[in-house]
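J.: So that you have it, the file is data-v6.txt, and it contains compact mmCIF, C-alpha atoms:
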```
# COMPACT_ATOMS: atom_id res chain seq x y z
CA MET A 1 22.83 4.24 7.73
CA SER A 2 25.45 4.20 10.46
CA ALA A 3 23.13 4.82 13.40
CA SER A 4 21.27 1.80 14.77
CA PHE A 5 17.52 2.36 14.76
CA LYS A 6 14.75 0.02 15.82
CA TYR A 7 11.87 1.85 14.15
CA ILE A 8 13.51 3.37 11.08
CA VAL A 9 14.89 1.38 8.14
CA PRO A 10 16.95 2.67 5.18
CA PRO A 11 15.05 4.21 2.22
CA GLU A 12 13.20 1.59 0.20
CA MET A 13 13.85 3.52 -3.00
CA ILE A 14 16.87 5.58 -4.05
CA ARG A 15 16.58 7.18 -7.48
CA ARG A 16 19.39 8.92 -9.31
CA SER A 17 19.20 10.96 -12.49
CA HIS A 18 21.77 11.46 -15.25
CA ARG A 19 19.69 14.32 -16.66
CA GLU A 20 21.63 17.19 -15.17
CA ASP A 21 24.63 19.30 -16.10
CA ARG A 22 27.15 21.36 -14.15
CA TYR A 23 24.68 24.26 -13.82
CA GLU A 24 21.61 22.26 -12.85
CA LYS A 25 21.06 19.97 -9.87
CA ARG A 26 18.25 17.45 -9.91
CA VAL A 27 16.44 17.15 -6.59
CA ASN A 28 16.75 13.36 -6.41
CA ASN A 29 20.53 13.72 -6.77
CA TRP A 30 20.65 16.55 -4.23
CA ILE A 31 18.70 14.71 -1.52
CA GLN A 32 21.03 12.02 -0.22
CA PRO A 33 20.24 9.15 2.17
CA TRP A 34 21.22 10.07 5.72
CA ASP A 35 24.23 8.25 7.10
CA GLY A 36 22.92 8.46 10.66
CA VAL A 37 25.78 10.72 11.76
CA GLU A 38 26.11 13.96 9.81
CA PRO A 39 24.08 17.02 10.82
CA PHE A 40 21.42 18.14 8.36
CA ASP A 41 18.97 21.01 7.91
CA ALA A 42 15.87 19.05 6.94
CA GLY A 43 15.05 15.37 7.01
CA LEU A 44 12.48 13.41 5.00
CA LEU A 45 10.93 10.62 7.07
CA MET A 46 8.74 8.29 5.01
CA VAL A 47 5.70 6.44 6.39
CA PRO A 48 4.43 3.82 3.88
CA PHE A 49 1.17 3.12 5.69
CA SER A 50 -2.48 3.14 4.62
CA LYS A 51 -4.07 0.35 6.66
CA ALA A 52 -6.11 2.87 8.67
CA SER A 53 -7.74 4.38 5.60
CA GLN A 54 -11.52 4.22 5.49
CA ARG A 55 -11.14 3.12 1.87
CA PRO A 56 -10.13 -0.55 1.86
CA ASP A 57 -8.59 -0.12 -1.59
CA SER A 58 -6.31 2.77 -0.58
CA GLY A 59 -2.86 2.77 -2.12
CA ALA A 60 -1.56 5.68 -0.06
CA ALA A 61 1.19 3.46 1.34
CA GLY A 62 2.84 4.04 -2.05
CA GLY A 63 2.90 7.81 -1.53
CA PRO A 64 6.47 8.07 -0.18
CA ASN A 65 8.07 6.24 -3.09
CA ALA A 66 5.84 8.10 -5.55
CA VAL A 67 7.21 11.40 -4.22
CA ARG A 68 10.76 10.08 -4.39
CA GLN A 69 10.09 9.19 -8.00
CA ALA A 70 8.53 12.61 -8.69
CA PHE A 71 11.70 14.38 -7.58
CA LEU A 72 13.26 13.15 -10.84
CA SER A 73 11.39 15.99 -12.59
CA ASN A 74 12.58 18.73 -10.22
CA THR A 75 15.64 20.94 -9.98
CA THR A 76 16.67 22.87 -6.87
CA TYR A 77 15.81 26.29 -8.35
CA SER A 78 12.40 27.97 -8.61
CA PRO A 79 12.00 31.12 -10.72
CA ASP A 80 8.59 31.70 -9.11
CA PHE A 81 10.12 32.25 -5.67
CA ASP A 82 13.67 32.95 -6.87
CA VAL A 83 15.19 30.44 -4.47
CA ASP A 84 17.87 27.81 -5.05
CA LEU A 85 17.76 25.09 -2.40
CA MET A 86 21.32 23.90 -3.01
CA PRO A 87 22.76 25.40 0.23
CA LEU A 88 20.39 23.31 2.33
CA ARG A 89 21.44 19.87 3.54
CA VAL A 90 18.33 17.75 3.03
CA ARG A 91 18.52 14.05 3.79
CA ASP A 92 16.25 11.06 3.22
CA ILE A 93 16.09 9.58 6.71
CA GLY A 94 14.43 6.37 5.56
CA ASP A 95 11.13 4.58 6.18
CA VAL A 96 9.32 3.90 9.42
CA ARG A 97 9.18 0.16 10.06
CA MET A 98 5.60 -1.07 9.61
CA HIS A 99 3.80 -4.09 11.04
CA MET A 100 2.14 -6.19 8.34
CA THR A 101 -1.32 -6.35 9.94
CA ASP A 102 -1.55 -4.39 13.22
CA VAL A 103 -2.75 -0.78 12.83
CA LEU A 104 -2.14 0.20 16.45
CA GLN A 105 1.37 -1.28 16.34
CA CYS A 106 2.08 0.76 13.20
CA HIS A 107 0.91 3.93 14.94
CA SER A 108 3.12 3.08 17.91
CA ASN A 109 6.08 2.51 15.58
CA ILE A 110 5.53 5.94 13.98
CA GLU A 111 5.53 7.68 17.35
CA HIS A 112 8.62 5.79 18.50
CA ALA A 113 10.39 6.51 15.21
CA VAL A 114 10.00 10.26 15.76
CA VAL A 115 11.32 9.96 19.31
CA GLU A 116 14.19 7.79 18.06
CA LEU A 117 15.09 10.30 15.36
CA TYR A 118 15.13 13.28 17.72
CA SER A 119 17.34 11.33 20.11
CA ALA A 120 19.89 10.97 17.29
CA ALA A 121 19.65 14.40 15.63
CA GLN A 122 18.83 17.89 16.86
CA ASP A 123 17.76 21.22 15.41
CA PHE A 124 16.37 20.11 12.06
CA LEU A 125 13.17 20.56 10.09
CA LEU A 126 11.14 17.34 10.00
CA ILE A 127 9.21 16.59 6.81
CA THR A 128 7.16 13.41 6.79
CA VAL A 129 5.52 11.85 3.75
CA GLY A 130 2.69 9.36 4.20
CA GLY A 131 0.64 7.33 4.07
CA ASP A 132 -2.92 8.02 5.16
CA HIS A 133 -3.81 10.87 7.50
CA SER A 134 -4.00 8.67 10.59
CA ILE A 135 -0.20 9.00 10.82
CA THR A 136 -0.43 12.65 11.91
CA CYS A 137 -1.59 11.82 15.44
CA PRO A 138 1.39 9.59 16.31
CA LEU A 139 3.73 12.03 14.53
CA VAL A 140 2.53 14.92 16.71
CA ASN A 141 2.62 12.73 19.82
CA GLY A 142 6.19 11.71 19.00
CA TYR A 143 7.25 15.32 18.51
CA CYS A 144 5.66 16.36 21.80
CA ARG A 145 7.28 13.45 23.66
CA SER A 146 10.64 14.54 22.27
CA HIS A 147 10.05 18.19 23.21
CA PRO A 148 8.11 18.05 26.49
CA LYS A 149 8.71 21.72 27.35
CA GLU A 150 7.33 23.04 24.07
CA ARG A 151 3.70 23.93 23.40
CA VAL A 152 2.56 23.05 19.89
CA GLY A 153 0.05 24.73 17.57
CA ILE A 154 -1.09 23.24 14.26
CA VAL A 155 -1.99 24.55 10.80
CA HIS A 156 -3.93 21.82 9.00
CA PHE A 157 -4.76 21.90 5.27
CA ASP A 158 -7.51 19.46 4.34
CA ALA A 159 -10.89 18.88 2.75
CA HIS A 160 -12.02 17.23 5.98
CA ASN A 161 -12.03 18.12 9.68
CA ASP A 162 -10.79 14.62 10.58
CA VAL A 163 -12.42 14.67 14.01
CA ARG A 164 -14.59 11.54 13.69
CA ASN A 165 -15.41 9.67 16.89
CA PHE A 166 -13.43 6.55 17.79
CA GLU A 167 -16.45 4.43 18.76
CA ASP A 168 -17.54 3.98 15.14
CA GLY A 169 -14.32 2.63 13.71
CA GLY A 170 -11.32 3.26 15.92
CA PRO A 171 -8.30 5.35 14.86
CA THR A 172 -8.53 5.94 11.10
CA ASN A 173 -7.56 8.57 8.58
CA GLY A 174 -10.72 10.37 9.72
CA THR A 175 -9.73 10.73 13.39
CA PRO A 176 -6.19 12.19 13.70
CA PHE A 177 -7.14 15.64 15.01
CA ARG A 178 -9.63 14.30 17.50
CA GLY A 179 -6.83 12.00 18.68
CA ILE A 180 -4.45 14.94 18.99
CA LEU A 181 -6.90 17.15 20.90
CA GLU A 182 -7.98 14.36 23.26
CA GLY A 183 -4.62 12.64 23.58
CA PRO A 184 -1.37 13.26 25.47
CA SER A 185 0.15 15.88 23.16
CA GLY A 186 -1.25 18.88 25.02
CA VAL A 187 -2.31 20.63 21.80
CA GLN A 188 -5.25 22.89 22.52
CA GLY A 189 -8.15 23.45 20.17
CA ARG A 190 -7.62 27.20 20.22
CA ASN A 191 -4.21 26.61 18.57
CA LEU A 192 -5.52 24.35 15.79
CA VAL A 193 -6.39 26.05 12.49
CA GLN A 194 -8.01 23.98 9.74
CA VAL A 195 -7.57 25.54 6.29
CA GLY A 196 -9.39 24.62 3.10
CA ILE A 197 -12.23 22.50 4.52
CA HIS A 198 -14.77 22.07 1.73
CA GLY A 199 -17.36 20.08 -0.14
CA PHE A 200 -20.29 17.89 0.83
CA MET A 201 -17.93 15.52 2.63
CA ASN A 202 -18.14 16.55 6.29
CA SER A 203 -20.79 16.53 9.00
CA SER A 204 -22.40 19.36 10.94
CA TYR A 205 -21.44 17.31 14.00
CA TYR A 206 -17.77 17.85 13.14
CA LYS A 207 -18.41 21.59 12.90
CA ARG A 208 -20.02 21.61 16.35
CA TYR A 209 -17.19 19.52 17.80
CA CYS A 210 -14.59 21.93 16.41
CA GLU A 211 -16.50 24.90 17.78
CA GLU A 212 -16.68 23.29 21.23
CA GLN A 213 -12.92 22.68 21.16
CA GLY A 214 -12.15 26.24 20.02
CA VAL A 215 -10.78 25.13 16.64
CA THR A 216 -10.61 27.74 13.87
CA VAL A 217 -12.00 26.44 10.57
CA ILE A 218 -11.36 28.40 7.36
CA THR A 219 -13.14 26.94 4.35
CA ALA A 220 -11.93 26.84 0.76
CA ARG A 221 -14.70 29.28 -0.15
CA GLN A 222 -13.46 31.72 2.50
CA ILE A 223 -9.95 31.48 1.05
CA ARG A 224 -11.30 32.34 -2.39
CA ARG A 225 -13.18 35.34 -1.01
CA ARG A 226 -10.55 36.64 1.43
CA GLY A 227 -7.28 35.73 -0.30
CA ILE A 228 -4.55 33.37 0.89
CA GLU A 229 -2.24 36.05 2.33
CA GLU A 230 -4.85 37.27 4.81
CA VAL A 231 -5.83 33.71 5.68
CA MET A 232 -2.25 32.65 6.36
CA ARG A 233 -1.60 35.66 8.57
CA GLU A 234 -4.61 34.66 10.65
CA ALA A 235 -3.67 30.96 10.71
CA ILE A 236 -0.09 31.63 11.83
CA ARG A 237 -1.25 34.12 14.46
CA ILE A 238 -3.76 31.68 15.98
CA ALA A 239 -1.54 28.58 15.83
CA GLY A 240 1.33 30.58 17.30
CA ASP A 241 -0.65 32.28 20.08
CA GLY A 242 1.07 31.18 23.28
CA THR A 243 2.86 28.26 21.61
CA ASP A 244 6.53 27.58 20.95
CA VAL A 245 6.19 25.46 17.81
CA ILE A 246 3.87 25.24 14.82
CA TYR A 247 3.29 21.86 13.18
CA VAL A 248 1.92 21.80 9.62
CA SER A 249 -0.18 18.97 8.18
CA VAL A 250 -1.12 18.88 4.49
CA ASP A 251 -3.65 16.42 3.13
CA ILE A 252 -3.36 16.53 -0.66
CA ASP A 253 -7.16 16.28 -0.96
CA VAL A 254 -7.38 19.93 0.11
CA LEU A 255 -6.82 20.66 -3.58
CA SER A 256 -9.51 20.78 -6.21
CA LEU A 257 -10.04 17.47 -8.02
CA PRO A 258 -8.24 18.35 -11.28
CA TYR A 259 -5.01 18.97 -9.34
CA ALA A 260 -5.15 15.86 -7.14
CA PHE A 261 -6.56 12.86 -8.97
CA GLY A 262 -4.33 10.59 -6.94
CA THR A 263 -6.10 10.66 -3.61
CA GLY A 264 -9.09 8.93 -2.09
CA ALA A 265 -11.50 11.84 -1.55
CA ALA A 266 -10.85 14.68 -3.99
CA SER A 267 -13.71 17.02 -4.90
CA PRO A 268 -14.13 20.00 -7.24
CA GLU A 269 -14.62 22.60 -4.49
CA GLY A 270 -11.03 22.51 -3.21
CA MET A 271 -8.16 24.96 -3.09
CA GLU A 272 -6.13 26.07 -6.09
CA PRO A 273 -2.49 24.90 -6.16
CA TRP A 274 -1.02 28.39 -6.02
CA ASP A 275 -2.94 29.22 -2.85
CA LEU A 276 -1.58 26.10 -1.17
CA LEU A 277 1.96 26.77 -2.38
CA GLU A 278 1.83 30.37 -1.16
CA GLY A 279 0.59 29.05 2.17
CA VAL A 280 3.42 26.56 2.72
CA PHE A 281 5.98 29.10 1.45
CA ALA A 282 4.84 31.53 4.15
CA LEU A 283 4.88 28.80 6.80
CA GLY A 284 8.38 27.71 5.83
CA GLN A 285 9.62 31.21 6.64
CA ASP A 286 8.19 31.30 10.16
CA PRO A 287 10.82 30.33 12.78
CA ARG A 288 8.22 28.56 14.92
CA VAL A 289 7.41 26.04 12.17
CA ARG A 290 9.43 22.91 12.92
CA ALA A 291 7.63 20.08 11.12
CA LEU A 292 5.36 19.31 8.17
CA ASP A 293 3.61 16.16 7.05
CA LEU A 294 2.17 15.46 3.61
CA VAL A 295 -0.39 12.69 3.38
CA CYS A 296 -2.95 10.84 1.24
CA ILE A 297 -1.13 10.70 -2.10
CA ASP A 298 -2.42 7.51 -3.72
CA PRO A 299 -0.46 6.63 -6.88
CA LEU A 300 -2.92 3.85 -7.72
CA ARG A 301 -5.61 6.48 -8.43
CA ASP A 302 -3.35 8.92 -10.22
CA PHE A 303 -2.94 10.05 -13.81
CA ARG A 304 0.53 10.62 -15.28
CA ASP A 305 2.10 11.09 -11.82
CA ALA A 306 0.37 14.45 -11.42
CA THR A 307 -0.41 14.13 -7.71
CA PRO A 308 3.03 13.06 -6.41
CA LYS A 309 4.52 15.81 -8.58
CA MET A 310 2.20 18.22 -6.81
CA GLY A 311 3.38 16.76 -3.51
CA ALA A 312 7.01 17.26 -4.50
CA SER A 313 6.26 20.90 -5.34
CA ILE A 314 4.64 21.39 -1.92
CA ILE A 315 7.72 20.03 -0.15
CA LEU A 316 10.19 22.02 -2.23
CA THR A 317 8.20 25.25 -1.89
CA PHE A 318 8.07 24.76 1.88
CA LEU A 319 11.84 24.26 1.84
CA GLY A 320 12.16 27.44 -0.21
CA GLY A 321 10.53 29.37 2.61
CA TYR A 322 12.78 27.57 5.11
CA LEU A 323 15.87 28.60 3.11
CA LEU A 324 14.83 32.25 3.36
CA ARG A 325 14.38 31.79 7.10
CA LYS A 326 17.88 30.39 7.50
CA THR A 327 19.49 33.09 5.33
CA GLY A 328 17.52 35.92 6.93
CA THR A 329 15.93 36.88 3.61
CA ARG A 330 12.31 37.92 3.42
CA GLY A 331 10.19 36.33 0.73
CA TYR A 332 7.46 37.91 -1.32
```
Show me this structure written as structure tokens.
T.:
Amino acid sequence: MSASFKYIVPPEMIRRSHREDRYEKRVNNWIQPWDGVEPFDAGLLMVPFSKASQRPDSGAAGGPNAVRQAFLSNTTYSPDFDVDLMPLRVRDIGDVRMHMTDVLQCHSNIEHAVVELYSAAQDFLLITVGGDHSITCPLVNGYCRSHPKERVGIVHFDAHNDVRNFEDGGPTNGTPFRGILEGPSGVQGRNLVQVGIHGFMNSSYYKRYCEEQGVTVITARQIRRRGIEEVMREAIRIAGDGTDVIYVSVDIDVLSLPYAFGTGAASPEGMEPWDLLEGVFALGQDPRVRALDLVCIDPLRDFRDATPKMGASIILTFLGGYLLRKTGTRGY
């Protein structure tokens, strides 16, 4: 990496595959480490952090490398969406530098890393892989610091509202959206849409808090009854109402348990994979969407790498929508 960064270090893991031929490009060969100079279309920023998880045994810090490893199974072409990502320049930016013990210092480093990156590169799609969900608050704060004239809306896929109070534990993976709404980012509750909330894992207090803030909550049951296309039209409309940018946050535990063993709080009531993939494909096509984070993949809880492979599919499908945006092609 040619650029000198204080808060970003080179990728911890670089995997290459010999299992490709002249007509097939493996994703882990296609995504190259960023040299700190060249322009790129989309950048993967990795945040190997899970110290703020409410589960003391969380292994979500291993999520970034697990996704890097999962890319070994992928090619750049999808027959489902009929897109080939090869024309896109996607770079692995590297890992945010973490403090060994200090949670608040780690959150500060994440925010500064985003600011540092936007000072070195412009006009790119930011994709961040965590890590526990606490990283979303400093990521959004960093984006807003780097773009002070832009108003940001959020589409948030999750099993949980993540609006716990700070008095009973401080900033954790259960507080990022409370931190965003009450912090310096300027994101308003009326522009936050939470998609896929489900299961006996939330509190009626969180529901009341979201209602007071003007947050739109669409449950997994409502998605099943209404259909993902209608839900995504509503989510994009609300998040984009009066805003310049839409930020997307995906907690892998939004999926039903059989599709996401490798996370700390999966439950059987969650979304189906195709609904989530259709959702991020639609979001990738919207010109206001400028960033996505993917969090809570825990390889220590996984079975046969199923969950990081799901995470890789989410990222690549989102990029498929982004490719159509850049080429002016409308998806289906």
J.: Quick one: residues within 7 Å of stretch 233-243 of chain A, all atoms listed in the file counted, chain neighbours fewer than 4 positions away excluded, as a list of chain:residue names?
T.: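 In the requested form, the answer reads A:Arg151, A:Val152, A:Gly153, A:Ile154, A:Val155, A:Asn191, A:Leu192, A:Val193, A:Glu229.
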J.: Between A:Asp275, A:Ala260, A:Tyr118, A:Asp132, which is the closest to A:Gly196 once you count all atoms listed in the file?
T.: A:Asp275
J.: At most 6 Å from (4.1, 2.4, 2.4), file frame, only C-alpha atoms: which residues, as a compact mmCIF listing (two decimals) with C-alpha atoms, keeping the file's coordinate frame?
T.:
```
# COMPACT_ATOMS: atom_id res chain seq x y z
CA VAL A 47 5.70 6.44 6.39
CA PRO A 48 4.43 3.82 3.88
CA PHE A 49 1.17 3.12 5.69
CA ALA A 61 1.19 3.46 1.34
CA GLY A 62 2.84 4.04 -2.05
```
J.: Using Å and a single decimal, report how far atom CA of A:Glu182 sits from atom CA of A:Gly214.
T.: 13.0 Å
J.: Would you mind reading off the distance between atom CA of A:Arg26 and atom CA of A:Leu72, one decimal, in Å?
T.: 6.7 Å
J.: Considering all atoms listed in the file, state which residue in the set A:Arg15, A:His198, A:Arg288, A:Arg164 is at the smallest distance from A:Tyr322.
T.: A:Arg288
J.: Work out how far atom CA of A:Ile218 is from atom CA of A:Ser204, in Å to one decimal.
T.: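 The value is 14.7 Å.
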J.: Need to verify the contact set: A:Ala159, 10 Å, all atoms listed in the file, exclusion of same-chain residues closer than 2 positions in sequence. Can you return it as a VMD selection string?
T.: chain A and resid 156 to 157 161 to 162 194 to 202 219 to 220 250 to 256 265 to 267 269 to 271
J.: For stretch 247-272 of chain A, where the input has fewer atoms than it should, I would like N, CA and C atoms rebuilt and written as a PDB file, in the coordinates of the input.
T.:
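Writing done, so here's rebuild29.pdb:
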```
ATOM      1  N   TYR A 247       3.231  23.080  13.991  1.00  0.00           N
ATOM      2  CA  TYR A 247       3.290  21.860  13.180  1.00  0.00           C
ATOM      3  C   TYR A 247       2.323  22.043  12.019  1.00  0.00           C
ATOM      4  N   VAL A 248       2.738  21.637  10.823  1.00  0.00           N
ATOM      5  CA  VAL A 248       1.920  21.800   9.620  1.00  0.00           C
ATOM      6  C   VAL A 248       1.557  20.420   9.080  1.00  0.00           C
ATOM      7  N   SER A 249       0.276  20.224   8.771  1.00  0.00           N
ATOM      8  CA  SER A 249      -0.180  18.970   8.180  1.00  0.00           C
ATOM      9  C   SER A 249      -0.923  19.284   6.887  1.00  0.00           C
ATOM     10  N   VAL A 250      -0.518  18.644   5.802  1.00  0.00           N
ATOM     11  CA  VAL A 250      -1.120  18.880   4.490  1.00  0.00           C
ATOM     12  C   VAL A 250      -1.679  17.577   3.941  1.00  0.00           C
ATOM     13  N   ASP A 251      -3.000  17.519   3.833  1.00  0.00           N
ATOM     14  CA  ASP A 251      -3.650  16.420   3.130  1.00  0.00           C
ATOM     15  C   ASP A 251      -3.847  16.883   1.690  1.00  0.00           C
ATOM     16  N   ILE A 252      -3.334  16.123   0.742  1.00  0.00           N
ATOM     17  CA  ILE A 252      -3.360  16.530  -0.660  1.00  0.00           C
ATOM     18  C   ILE A 252      -4.786  16.714  -1.166  1.00  0.00           C
ATOM     19  N   ASP A 253      -5.788  16.123  -0.471  1.00  0.00           N
ATOM     20  CA  ASP A 253      -7.160  16.280  -0.960  1.00  0.00           C
ATOM     21  C   ASP A 253      -7.740  17.660  -0.646  1.00  0.00           C
ATOM     22  N   VAL A 254      -6.957  18.542  -0.034  1.00  0.00           N
ATOM     23  CA  VAL A 254      -7.380  19.930   0.110  1.00  0.00           C
ATOM     24  C   VAL A 254      -7.487  20.620  -1.241  1.00  0.00           C
ATOM     25  N   LEU A 255      -6.813  20.069  -2.239  1.00  0.00           N
ATOM     26  CA  LEU A 255      -6.820  20.660  -3.580  1.00  0.00           C
ATOM     27  C   LEU A 255      -8.060  20.254  -4.366  1.00  0.00           C
ATOM     28  N   SER A 256      -8.414  21.093  -5.304  1.00  0.00           N
ATOM     29  CA  SER A 256      -9.510  20.780  -6.210  1.00  0.00           C
ATOM     30  C   SER A 256      -9.174  19.545  -7.037  1.00  0.00           C
ATOM     31  N   LEU A 257     -10.208  18.766  -7.361  1.00  0.00           N
ATOM     32  CA  LEU A 257     -10.040  17.470  -8.020  1.00  0.00           C
ATOM     33  C   LEU A 257      -9.084  17.469  -9.221  1.00  0.00           C
ATOM     34  N   PRO A 258      -9.143  18.442 -10.126  1.00  0.00           N
ATOM     35  CA  PRO A 258      -8.240  18.350 -11.280  1.00  0.00           C
ATOM     36  C   PRO A 258      -6.754  18.384 -10.930  1.00  0.00           C
ATOM     37  N   TYR A 259      -6.421  18.857  -9.731  1.00  0.00           N
ATOM     38  CA  TYR A 259      -5.010  18.970  -9.340  1.00  0.00           C
ATOM     39  C   TYR A 259      -4.565  17.835  -8.430  1.00  0.00           C
ATOM     40  N   ALA A 260      -5.500  16.949  -8.064  1.00  0.00           N
ATOM     41  CA  ALA A 260      -5.150  15.860  -7.140  1.00  0.00           C
ATOM     42  C   ALA A 260      -6.010  14.637  -7.437  1.00  0.00           C
ATOM     43  N   PHE A 261      -5.853  14.085  -8.640  1.00  0.00           N
ATOM     44  CA  PHE A 261      -6.560  12.860  -8.970  1.00  0.00           C
ATOM     45  C   PHE A 261      -6.148  11.716  -8.039  1.00  0.00           C
ATOM     46  N   GLY A 262      -4.886  11.709  -7.677  1.00  0.00           N
ATOM     47  CA  GLY A 262      -4.330  10.590  -6.940  1.00  0.00           C
ATOM     48  C   GLY A 262      -4.529  10.684  -5.459  1.00  0.00           C
ATOM     49  N   THR A 263      -5.779  10.696  -5.030  1.00  0.00           N
ATOM     50  CA  THR A 263      -6.100  10.660  -3.610  1.00  0.00           C
ATOM     51  C   THR A 263      -7.495  10.081  -3.471  1.00  0.00           C
ATOM     52  N   GLY A 264      -7.858   9.690  -2.259  1.00  0.00           N
ATOM     53  CA  GLY A 264      -9.090   8.930  -2.090  1.00  0.00           C
ATOM     54  C   GLY A 264     -10.358   9.752  -2.031  1.00  0.00           C
ATOM     55  N   ALA A 265     -10.279  11.074  -1.794  1.00  0.00           N
ATOM     56  CA  ALA A 265     -11.500  11.840  -1.550  1.00  0.00           C
ATOM     57  C   ALA A 265     -11.424  13.243  -2.142  1.00  0.00           C
ATOM     58  N   ALA A 266     -10.919  13.369  -3.363  1.00  0.00           N
ATOM     59  CA  ALA A 266     -10.850  14.680  -3.990  1.00  0.00           C
ATOM     60  C   ALA A 266     -12.235  15.139  -4.419  1.00  0.00           C
ATOM     61  N   SER A 267     -12.432  16.466  -4.453  1.00  0.00           N
ATOM     62  CA  SER A 267     -13.710  17.020  -4.900  1.00  0.00           C
ATOM     63  C   SER A 267     -13.448  18.344  -5.603  1.00  0.00           C
ATOM     64  N   PRO A 268     -14.389  18.811  -6.424  1.00  0.00           N
ATOM     65  CA  PRO A 268     -14.130  20.000  -7.240  1.00  0.00           C
ATOM     66  C   PRO A 268     -14.084  21.310  -6.477  1.00  0.00           C
ATOM     67  N   GLU A 269     -14.541  21.320  -5.206  1.00  0.00           N
ATOM     68  CA  GLU A 269     -14.620  22.600  -4.490  1.00  0.00           C
ATOM     69  C   GLU A 269     -13.324  23.026  -3.826  1.00  0.00           C
ATOM     70  N   GLY A 270     -12.238  22.304  -4.004  1.00  0.00           N
ATOM     71  CA  GLY A 270     -11.030  22.510  -3.210  1.00  0.00           C
ATOM     72  C   GLY A 270     -10.221  23.733  -3.565  1.00  0.00           C
ATOM     73  N   MET A 271      -9.076  23.847  -2.888  1.00  0.00           N
ATOM     74  CA  MET A 271      -8.160  24.960  -3.090  1.00  0.00           C
ATOM     75  C   MET A 271      -7.462  24.865  -4.436  1.00  0.00           C
ATOM     76  N   GLU A 272      -6.985  26.011  -4.909  1.00  0.00           N
ATOM     77  CA  GLU A 272      -6.130  26.070  -6.090  1.00  0.00           C
ATOM     78  C   GLU A 272      -4.679  25.806  -5.666  1.00  0.00           C
TER      79      GLU A 272
END
```
